[in-house]
Amino acid sequence: MLPCTIKSATNHISNCPNRQWIEESLQKAHVPGAAIVVLNATDVVYELAVGYQSLSPQQPMNVNKSIFPLASIAKTFIATAVMQLVEEELVDLDTDVNVAYPAGLLRMSAGTLSIYLRMFLNNGLPVLRPQSIAAMRTIVGGGVIPSYDPQWSNKSMELPPSQGFGLSWYWETMKDGRRYIGHSVNMNFIPPNTKLIAEALGDISQLPRDMQMAVTNKLHESFQPVPIPNHGDWLRYHEEKGQTLKAFEQTTSKAVPHSTFNTIYIQPVGSFNHPRAAPLNVIIQFARIFFAGCEVELLPTIDFSKDMKYRENHGIKQYRTDDFYNYLSQTRYFRDTSRELLCVAVTMTDIYPDESWNFVYGEARVKDGLGVYSFARLDPLFSESSQILLSVPLTKEERIVMLRHCIKILLHELGHLFGLNHCIYFICLMNGANNQIEMDRQTLYLCPVCLRKLYSTLYFDVRHMYENFVYLCEIYGLEEERLWYRKRLNCI
Ligand SMILES: [Zn+2]
Ligand SMILES: [Zn+2]
């Protein structure tokens with residue numbers, strides 16, 4: 001397929017070359033057929049099919065039915081759309097999207113534009129296949145796919161209709177209002193084999209014996225492979241190549257404790273003083289043993305200030321993430337700057353990054369060492385009225401489920417700030433998650449590859465860390481996790 005832009009003084013069809021000239025030209029170039037479509041800003045002004053699409057079996061070219069691979073032409077469309085967003089200052093081309101939005105959970109609520117920027121603009125993934133072109137020729141309607149509504153995210157808690165297709169886009173012809181849809185195909189994730197996992201682990205010969213055992217011994221008994229992603233799963237929509245130890249070591253945007261800079265400050269924002277609030281004192285104990293060698297310090301809770309922007313989304317009050325960052329940046333000098341490695345805000349209130357998002361669980365600015373995470377949606381009764389949320393205590397079961405999720409979110413997100421990308425090697429704390437099932441599946445431990453990466457920054461004593469986990473899991477009723485760590489200790 002060859003797109004080209006032609007400037008024409010007039011709109012008359014008579015300007016187009018005639019059929020005979022086109023046929024002769026194709027013959028000269030030994031091209032068996034062509035479908036030519038000329039468009040102006042609003043409509044198709046000329047279309048012509050000549051020759052054959054296939055010589056064996058012989059299929060004449062047909063403007064409406066012939067399908068061509070778009071190949072890299074998709075980039076042209078996407079790049080144009082992206083540059084329009086750049087003009088509107090909605091995205092920034094010069095920010096590494098993995099740095100700006102490093103997280104699966106961070107942006108799992110709505111579209112995933114940032115990830116796609118990288119996919120489309122940098123590595124030219126061939127997202128469009130012949131099936132997509134067929135879909136692009138499909139008129140949308142009959143209630144199957146609703147008309148594109150740029151305001152959907154503000155009006156509806158439902159996922160946008162595009163979700164099923166990965167990335168998709170709509171257009172509507174101005175003349176007759178017919179609507180079309182174009183979409184990418186889903187990612188084709190192939191779980192990494194043993195060889196790739198070994199490559200990701202890198203050379204382990206210099207590791208202490210405990211670590212060598214932790215990342216090699218009886219892996220199949222303790223670590224599950226990543227399943228082929230289902231519809232709606234993270235890996236169906238996100239191309240994750242996997243981050244090897246080498247890639248991790250080369251990452252410059254990551255927290256590395258050094259000299260006195262080893263404190264992770266946790267700044268609670270808004271009330272944690274109600275019966276369903278996340279137990280911060282417990283959660284940070286897990287962070288302390290996970291990021292061994294770092295101090296984890298809980299700062300005094302602050303209230304939302306009047307300046308912090310919020311909105312009501314279906315009756316749910318949501319604060320905008322920008323203002324958390326502003327607060328954390330502005331108050332840096334009130335904290336001990338000689339000790340600060342990271343500072344993250346946590347809140348029981350729902351949050352959103354900008355108008356195009358329904359909500360997020362969290363967001364991070366790796367370069368600034370800042371993050372903001374909300375535990376609001378981890379409450380099993382989140383959708384209930386705020387009256388219930390503020391008064392009815394958690395049942396024992398709910399308390400454990402919520403604690404588990406809160407710890408996962410904090411460790412996963414802090415893991416991103418420490419430079420860990422999403423994991424594809426095993427079921428792991430660092431897997432991307434697009435839905436509840438995937439969130440539940442994330443583990444409260446790191447797979448061998450991620451453990452090895454974090455070790456290369458923190459140099460912890462893995463046996464000691466695992467023993468601490470057994471101890472804490474026992475105290476707080478995380479039985480599944482206690483058993484896992486106990487079992488693993490027997491392998492190292
Ligand atoms: Zn993530
Ligand atoms: Zn992992």
# chains A, B, ... in the order shown; residues from 1 in each chain; ligands from 1
$ residues_around --residues "Pro32 in chain A" --least-positions-apart "5" --cutoff "12 Å" --atoms "only C-alpha atoms" --output "list in words"
Ile22, Glu23, Glu24, Ser25, Leu26, Gln27, Ala49, Val50, Gly51, Tyr52, Gln53, Ser54, Leu55, Ser56, Gln58, Gln59, Pro60 and Met61 of chain A
$ write_last_selection --atoms "all heavy atoms" --output "short mmCIF file (atom, residue, chain, number, x, y, z; two decimals), in the first residue's frame"
data_model
loop_
_atom_site.label_atom_id
_atom_site.label_comp_id
_atom_site.auth_asym_id
_atom_site.auth_seq_id
_atom_site.Cartn_x
_atom_site.Cartn_y
_atom_site.Cartn_z
N ILE A 22 -3.19 4.18 -16.61
CA ILE A 22 -2.82 3.44 -15.39
C ILE A 22 -2.47 2.00 -15.73
O ILE A 22 -1.46 1.46 -15.29
CB ILE A 22 -3.99 3.48 -14.37
CG1 ILE A 22 -4.12 4.90 -13.81
CG2 ILE A 22 -3.76 2.51 -13.22
CD1 ILE A 22 -5.40 5.15 -13.03
N GLU A 23 -3.31 1.38 -16.59
CA GLU A 23 -3.05 -0.03 -16.94
C GLU A 23 -1.69 -0.18 -17.63
O GLU A 23 -0.94 -1.09 -17.33
CB GLU A 23 -4.17 -0.57 -17.83
CG GLU A 23 -5.41 -0.94 -17.01
CD GLU A 23 -6.60 -1.38 -17.85
OE1 GLU A 23 -6.63 -1.10 -19.09
OE2 GLU A 23 -7.52 -1.97 -17.28
N GLU A 24 -1.40 0.75 -18.52
CA GLU A 24 -0.12 0.68 -19.24
C GLU A 24 1.06 0.85 -18.27
O GLU A 24 2.06 0.16 -18.34
CB GLU A 24 -0.06 1.77 -20.32
CG GLU A 24 -0.86 1.37 -21.56
CD GLU A 24 -1.05 2.55 -22.54
OE1 GLU A 24 -0.38 3.60 -22.34
OE2 GLU A 24 -1.85 2.41 -23.44
N SER A 25 0.88 1.78 -17.33
CA SER A 25 1.96 2.04 -16.38
C SER A 25 2.22 0.81 -15.52
O SER A 25 3.36 0.46 -15.24
CB SER A 25 1.59 3.20 -15.45
OG SER A 25 1.33 4.34 -16.21
N LEU A 26 1.12 0.16 -15.09
CA LEU A 26 1.29 -1.03 -14.25
C LEU A 26 1.98 -2.15 -15.04
O LEU A 26 2.84 -2.85 -14.50
CB LEU A 26 -0.08 -1.52 -13.75
CG LEU A 26 -0.77 -0.62 -12.74
CD1 LEU A 26 -2.15 -1.15 -12.39
CD2 LEU A 26 0.06 -0.49 -11.46
N GLN A 27 1.58 -2.27 -16.30
CA GLN A 27 2.19 -3.31 -17.11
C GLN A 27 3.69 -3.10 -17.27
O GLN A 27 4.48 -4.02 -17.15
CB GLN A 27 1.53 -3.33 -18.49
CG GLN A 27 0.63 -4.54 -18.67
CD GLN A 27 -0.27 -4.44 -19.89
OE1 GLN A 27 0.06 -3.70 -20.83
NE2 GLN A 27 -1.37 -5.14 -19.86
N ALA A 49 -10.35 0.14 -9.66
CA ALA A 49 -9.62 -1.12 -9.52
C ALA A 49 -9.18 -1.58 -10.89
O ALA A 49 -9.99 -1.59 -11.83
CB ALA A 49 -10.51 -2.16 -8.86
N VAL A 50 -7.92 -1.94 -11.03
CA VAL A 50 -7.43 -2.47 -12.32
C VAL A 50 -6.61 -3.74 -12.06
O VAL A 50 -6.01 -3.87 -11.00
CB VAL A 50 -6.56 -1.46 -13.09
CG1 VAL A 50 -7.41 -0.34 -13.65
CG2 VAL A 50 -5.45 -0.91 -12.23
N GLY A 51 -6.61 -4.63 -13.02
CA GLY A 51 -5.78 -5.83 -12.94
C GLY A 51 -6.27 -6.81 -11.90
O GLY A 51 -7.46 -6.85 -11.56
N TYR A 52 -5.32 -7.57 -11.36
CA TYR A 52 -5.67 -8.68 -10.48
C TYR A 52 -5.01 -8.55 -9.11
O TYR A 52 -3.87 -8.13 -9.00
CB TYR A 52 -5.23 -10.01 -11.12
CG TYR A 52 -5.98 -10.27 -12.41
CD1 TYR A 52 -5.45 -9.89 -13.63
CD2 TYR A 52 -7.24 -10.86 -12.37
CE1 TYR A 52 -6.14 -10.10 -14.81
CE2 TYR A 52 -7.96 -11.08 -13.54
CZ TYR A 52 -7.40 -10.69 -14.77
OH TYR A 52 -8.10 -10.89 -15.91
N GLN A 53 -5.75 -9.00 -8.13
CA GLN A 53 -5.13 -9.05 -6.81
C GLN A 53 -4.31 -10.32 -6.68
O GLN A 53 -3.26 -10.33 -6.07
CB GLN A 53 -6.19 -9.04 -5.71
CG GLN A 53 -5.52 -9.25 -4.36
CD GLN A 53 -6.40 -8.92 -3.21
OE1 GLN A 53 -7.62 -9.08 -3.28
NE2 GLN A 53 -5.79 -8.44 -2.15
N SER A 54 -4.82 -11.39 -7.27
CA SER A 54 -4.10 -12.66 -7.21
C SER A 54 -4.14 -13.28 -8.61
O SER A 54 -5.18 -13.28 -9.25
CB SER A 54 -4.78 -13.56 -6.19
OG SER A 54 -4.44 -14.90 -6.44
N LEU A 55 -3.01 -13.80 -9.07
CA LEU A 55 -3.00 -14.40 -10.40
C LEU A 55 -3.36 -15.88 -10.36
O LEU A 55 -3.82 -16.45 -11.34
CB LEU A 55 -1.62 -14.20 -11.03
CG LEU A 55 -1.28 -12.73 -11.33
CD1 LEU A 55 0.15 -12.59 -11.83
CD2 LEU A 55 -2.24 -12.12 -12.35
N SER A 56 -3.11 -16.50 -9.20
CA SER A 56 -3.45 -17.91 -9.06
C SER A 56 -3.87 -18.23 -7.65
O SER A 56 -3.02 -18.23 -6.76
CB SER A 56 -2.24 -18.77 -9.45
OG SER A 56 -2.52 -20.12 -9.20
N GLN A 58 -7.00 -16.82 -9.97
CA GLN A 58 -7.15 -15.47 -10.52
C GLN A 58 -8.29 -14.71 -9.82
O GLN A 58 -9.43 -15.17 -9.78
CB GLN A 58 -7.45 -15.56 -12.00
CG GLN A 58 -6.93 -14.34 -12.73
CD GLN A 58 -6.99 -14.54 -14.22
OE1 GLN A 58 -8.06 -14.77 -14.77
NE2 GLN A 58 -5.85 -14.44 -14.89
N GLN A 59 -7.92 -13.58 -9.21
CA GLN A 59 -8.92 -12.76 -8.51
C GLN A 59 -8.78 -11.34 -8.97
O GLN A 59 -7.74 -10.71 -8.74
CB GLN A 59 -8.65 -12.78 -7.00
CG GLN A 59 -9.38 -13.86 -6.27
CD GLN A 59 -8.98 -13.87 -4.80
OE1 GLN A 59 -8.29 -12.98 -4.32
NE2 GLN A 59 -9.41 -14.89 -4.09
N PRO A 60 -9.81 -10.82 -9.64
CA PRO A 60 -9.70 -9.43 -10.08
C PRO A 60 -9.64 -8.48 -8.88
O PRO A 60 -10.17 -8.79 -7.82
CB PRO A 60 -10.99 -9.20 -10.87
CG PRO A 60 -11.66 -10.51 -10.98
CD PRO A 60 -11.07 -11.43 -9.96
N MET A 61 -8.98 -7.39 -9.08
CA MET A 61 -8.91 -6.37 -8.02
C MET A 61 -10.30 -5.78 -7.80
O MET A 61 -11.06 -5.61 -8.75
CB MET A 61 -7.94 -5.28 -8.48
CG MET A 61 -7.50 -4.38 -7.39
SD MET A 61 -6.55 -5.24 -6.13
CE MET A 61 -4.95 -5.34 -6.92
#
$ residues_near_ligand --ligand "ligand 2" --cutoff "6 Å" --atoms "only C-alpha atoms and all ligand atoms" --output "ChimeraX atom specification"
/A:423,425-426,428,430,446-447,449-450
$ select_by_dssp --residues "range 277-393 of chain A" --states "strand (DSSP E or B)" --output "JSON, numbers by chain"
{"A": [295, 296, 297, 298, 302, 310, 311, 312, 313, 316, 317, 318, 319, 320, 340, 341, 342, 343, 344, 345, 346, 347, 350, 351, 352, 360, 362, 363, 364, 365, 370, 371, 372, 373, 374]}
$ closest_atom_pairs --of "range 184-281 of chain A" --to "range 452-471 of chain A" --cutoff "7 Å" --atoms "only C-alpha atoms" --output "Markdown table"
| residue | atom | partner | partner_atom | distance |
| --- | --- | --- | --- | --- |
| A:Leu201 | CA | A:Arg452 | CA | 6.7 |
| A:Asp210 | CA | A:Val462 | CA | 6.7 |
| A:Met211 | CA | A:Val462 | CA | 6.3 |
| A:Leu245 | CA | A:Lys453 | CA | 5.5 |
| A:Phe248 | CA | A:Lys453 | CA | 6.7 |
| A:Val256 | CA | A:Thr457 | CA | 6.2 |
$ write_last_selection --atoms "C-alpha atoms" --output "PDB file, in the first residue's frame"
ATOM      1  CA  LEU A 201      19.058 -14.241  34.781  1.00  0.00           C
ATOM      2  CA  ASP A 210      21.892 -18.754  48.916  1.00  0.00           C
ATOM      3  CA  MET A 211      21.072 -16.477  46.020  1.00  0.00           C
ATOM      4  CA  LEU A 245      19.298  -8.492  34.245  1.00  0.00           C
ATOM      5  CA  PHE A 248      17.937  -3.708  34.233  1.00  0.00           C
ATOM      6  CA  VAL A 256      19.653   3.008  43.927  1.00  0.00           C
TER       7      VAL A 256
END
$ closest_residue --among "A:Leu378, A:Leu489, A:Val392, A:Cys473" --to "Gln436 in chain A" --atoms "only C-alpha atoms"
A:Leu378
$ residues_around --residues "Glu295 in chain A" --least-positions-apart "2" --cutoff "10 Å" --atoms "only C-alpha atoms" --output "list of chain:residue names"
A:Phe261, A:Asn262, A:Thr263, A:Ile264, A:Tyr265, A:Ile284, A:Ala287, A:Arg288, A:Ile289, A:Phe291, A:Ala292, A:Gly293, A:Glu297, A:Leu298, A:Arg339, A:Glu340, A:Leu341
$ residues_around --residues "Ile409 in chain A" --least-positions-apart "3" --cutoff "10 Å" --atoms "only C-alpha atoms" --output "number ranges by chain"
A: 105-106, 361-362, 373-375, 378, 403-406, 412-415, 429-430, 439, 442, 444
$ closest_residue --among "A:Leu411, A:Ile427, A:Ile492, A:Ile67" --to "ligand 1" --atoms "only C-alpha atoms and all ligand atoms"
A:Leu411
$ atom_distance --atom1 "CA of Thr80 in chain A" --atom2 "CA of Val44 in chain A"
19.6 Å
$ select_by_dssp --residues "range 165-338 of chain A" --states "alpha helix (DSSP H)" --output "VMD selection string"
chain A and resid 194 to 201 209 to 216 219 to 222 234 to 237 245 to 250 280 to 290 321 to 330
$ write_last_selection --atoms "N, CA and C atoms" --output "compact mmCIF listing (two decimals), in the first residue's frame"
# COMPACT_ATOMS: atom_id res chain seq x y z
N THR A 194 13.07 -21.96 28.74
CA THR A 194 14.13 -22.05 29.76
C THR A 194 15.38 -21.28 29.34
N LYS A 195 15.68 -21.35 28.05
CA LYS A 195 16.89 -20.68 27.56
C LYS A 195 16.78 -19.16 27.74
N LEU A 196 15.62 -18.63 27.38
CA LEU A 196 15.42 -17.18 27.52
C LEU A 196 15.45 -16.74 28.98
N ILE A 197 14.89 -17.61 29.83
CA ILE A 197 14.88 -17.28 31.27
C ILE A 197 16.32 -17.27 31.80
N ALA A 198 17.11 -18.26 31.37
CA ALA A 198 18.52 -18.31 31.81
C ALA A 198 19.27 -17.07 31.32
N GLU A 199 18.97 -16.67 30.09
CA GLU A 199 19.61 -15.45 29.56
C GLU A 199 19.23 -14.23 30.39
N ALA A 200 17.95 -14.17 30.76
CA ALA A 200 17.47 -13.03 31.54
C ALA A 200 18.16 -12.98 32.91
N LEU A 201 18.41 -14.17 33.46
CA LEU A 201 19.06 -14.24 34.78
C LEU A 201 20.51 -13.77 34.73
N ARG A 209 25.93 -18.29 47.63
CA ARG A 209 25.30 -19.58 47.40
C ARG A 209 23.78 -19.52 47.60
N ASP A 210 23.33 -18.85 48.65
CA ASP A 210 21.89 -18.75 48.92
C ASP A 210 21.14 -18.15 47.73
N MET A 211 21.72 -17.12 47.17
CA MET A 211 21.07 -16.48 46.02
C MET A 211 21.10 -17.40 44.81
N GLN A 212 22.22 -18.06 44.60
CA GLN A 212 22.29 -19.00 43.47
C GLN A 212 21.17 -20.04 43.58
N MET A 213 21.00 -20.55 44.79
CA MET A 213 19.95 -21.55 45.00
C MET A 213 18.57 -20.92 44.80
N ALA A 214 18.42 -19.72 45.33
CA ALA A 214 17.10 -19.06 45.26
C ALA A 214 16.66 -18.85 43.81
N VAL A 215 17.61 -18.67 42.92
CA VAL A 215 17.21 -18.38 41.53
C VAL A 215 17.34 -19.57 40.59
N THR A 216 17.75 -20.73 41.14
CA THR A 216 17.88 -21.90 40.26
C THR A 216 17.22 -23.17 40.79
N LEU A 219 12.86 -24.68 40.62
CA LEU A 219 12.01 -23.57 40.18
C LEU A 219 10.61 -24.05 39.82
N HIS A 220 10.55 -25.19 39.15
CA HIS A 220 9.23 -25.65 38.68
C HIS A 220 8.28 -25.94 39.84
N GLU A 221 8.84 -26.20 41.03
CA GLU A 221 7.97 -26.48 42.18
C GLU A 221 7.42 -25.20 42.82
N SER A 222 8.13 -24.11 42.61
CA SER A 222 7.75 -22.88 43.33
C SER A 222 7.24 -21.76 42.42
N TRP A 234 -3.55 -8.49 30.31
CA TRP A 234 -2.51 -7.48 30.07
C TRP A 234 -1.69 -7.77 28.82
N LEU A 235 -1.25 -9.02 28.69
CA LEU A 235 -0.33 -9.33 27.60
C LEU A 235 -1.02 -9.42 26.24
N ARG A 236 -2.35 -9.34 26.24
CA ARG A 236 -3.05 -9.29 24.95
C ARG A 236 -2.95 -7.90 24.35
N TYR A 237 -2.68 -6.92 25.17
CA TYR A 237 -2.70 -5.55 24.68
C TYR A 237 -1.37 -4.83 24.84
N LEU A 245 18.43 -9.12 33.24
CA LEU A 245 19.30 -8.49 34.25
C LEU A 245 20.15 -7.40 33.59
N LYS A 246 20.66 -7.73 32.41
CA LYS A 246 21.54 -6.79 31.71
C LYS A 246 20.79 -5.48 31.43
N ALA A 247 19.56 -5.63 30.91
CA ALA A 247 18.76 -4.43 30.60
C ALA A 247 18.49 -3.64 31.88
N PHE A 248 18.20 -4.36 32.95
CA PHE A 248 17.94 -3.71 34.23
C PHE A 248 19.17 -2.92 34.69
N GLU A 249 20.32 -3.55 34.57
CA GLU A 249 21.54 -2.88 35.03
C GLU A 249 21.85 -1.64 34.21
N GLN A 250 21.42 -1.68 32.96
CA GLN A 250 21.69 -0.51 32.10
C GLN A 250 20.69 0.62 32.29
N LEU A 280 -1.67 0.98 57.25
CA LEU A 280 -0.35 1.42 56.77
C LEU A 280 0.80 0.89 57.62
N ASN A 281 0.57 0.84 58.93
CA ASN A 281 1.64 0.36 59.81
C ASN A 281 2.06 -1.07 59.48
N VAL A 282 1.08 -1.87 59.05
CA VAL A 282 1.39 -3.25 58.69
C VAL A 282 2.05 -3.30 57.32
N ILE A 283 1.48 -2.55 56.39
CA ILE A 283 1.97 -2.59 55.01
C ILE A 283 3.45 -2.18 54.94
N ILE A 284 3.81 -1.16 55.70
CA ILE A 284 5.20 -0.70 55.58
C ILE A 284 6.19 -1.70 56.20
N GLN A 285 5.70 -2.56 57.09
CA GLN A 285 6.62 -3.58 57.62
C GLN A 285 7.06 -4.53 56.49
N PHE A 286 6.11 -4.81 55.61
CA PHE A 286 6.45 -5.67 54.47
C PHE A 286 7.41 -4.95 53.52
N ALA A 287 7.17 -3.66 53.33
CA ALA A 287 8.07 -2.89 52.45
C ALA A 287 9.49 -2.88 53.03
N ARG A 288 9.58 -2.80 54.34
CA ARG A 288 10.91 -2.76 54.99
C ARG A 288 11.70 -4.02 54.71
N ILE A 289 11.04 -5.19 54.80
CA ILE A 289 11.81 -6.41 54.60
C ILE A 289 12.04 -6.69 53.11
N PHE A 290 11.15 -6.17 52.28
CA PHE A 290 11.27 -6.40 50.84
C PHE A 290 12.42 -5.58 50.26
N THR A 321 -3.90 13.29 40.18
CA THR A 321 -2.58 12.88 40.67
C THR A 321 -1.54 14.01 40.65
N ASP A 322 -1.64 14.93 39.68
CA ASP A 322 -0.66 16.04 39.56
C ASP A 322 -0.40 16.72 40.90
N ASP A 323 -1.52 16.98 41.59
CA ASP A 323 -1.40 17.77 42.81
C ASP A 323 -0.69 17.02 43.94
N PHE A 324 -0.74 15.70 43.89
CA PHE A 324 0.03 14.93 44.87
C PHE A 324 1.52 15.15 44.60
N TYR A 325 1.88 15.07 43.31
CA TYR A 325 3.30 15.29 42.97
C TYR A 325 3.74 16.68 43.37
N ASN A 326 2.87 17.66 43.07
CA ASN A 326 3.22 19.04 43.43
C ASN A 326 3.48 19.13 44.92
N TYR A 327 2.59 18.51 45.68
CA TYR A 327 2.76 18.57 47.13
C TYR A 327 4.08 17.92 47.54
N LEU A 328 4.32 16.71 46.99
CA LEU A 328 5.55 15.99 47.40
C LEU A 328 6.80 16.76 46.99
N SER A 329 6.77 17.41 45.82
CA SER A 329 7.93 18.20 45.37
C SER A 329 8.13 19.42 46.26
N GLN A 330 7.00 20.11 46.49
CA GLN A 330 7.12 21.37 47.25
C GLN A 330 7.56 21.14 48.70
$ atom_distance --atom1 "CA of Arg332 in chain A" --atom2 "CA of Lys317 in chain A"
26.9 Å
$ closest_residue --among "A:Glu474, A:Asp336, A:Glu240, A:Glu397" --to "ligand 1" --atoms "only C-alpha atoms and all ligand atoms"
A:Glu240
$ closest_residue --among "A:His422, A:His30, A:Arg399, A:His231" --to "ligand 1" --atoms "only C-alpha atoms and all ligand atoms"
A:His422
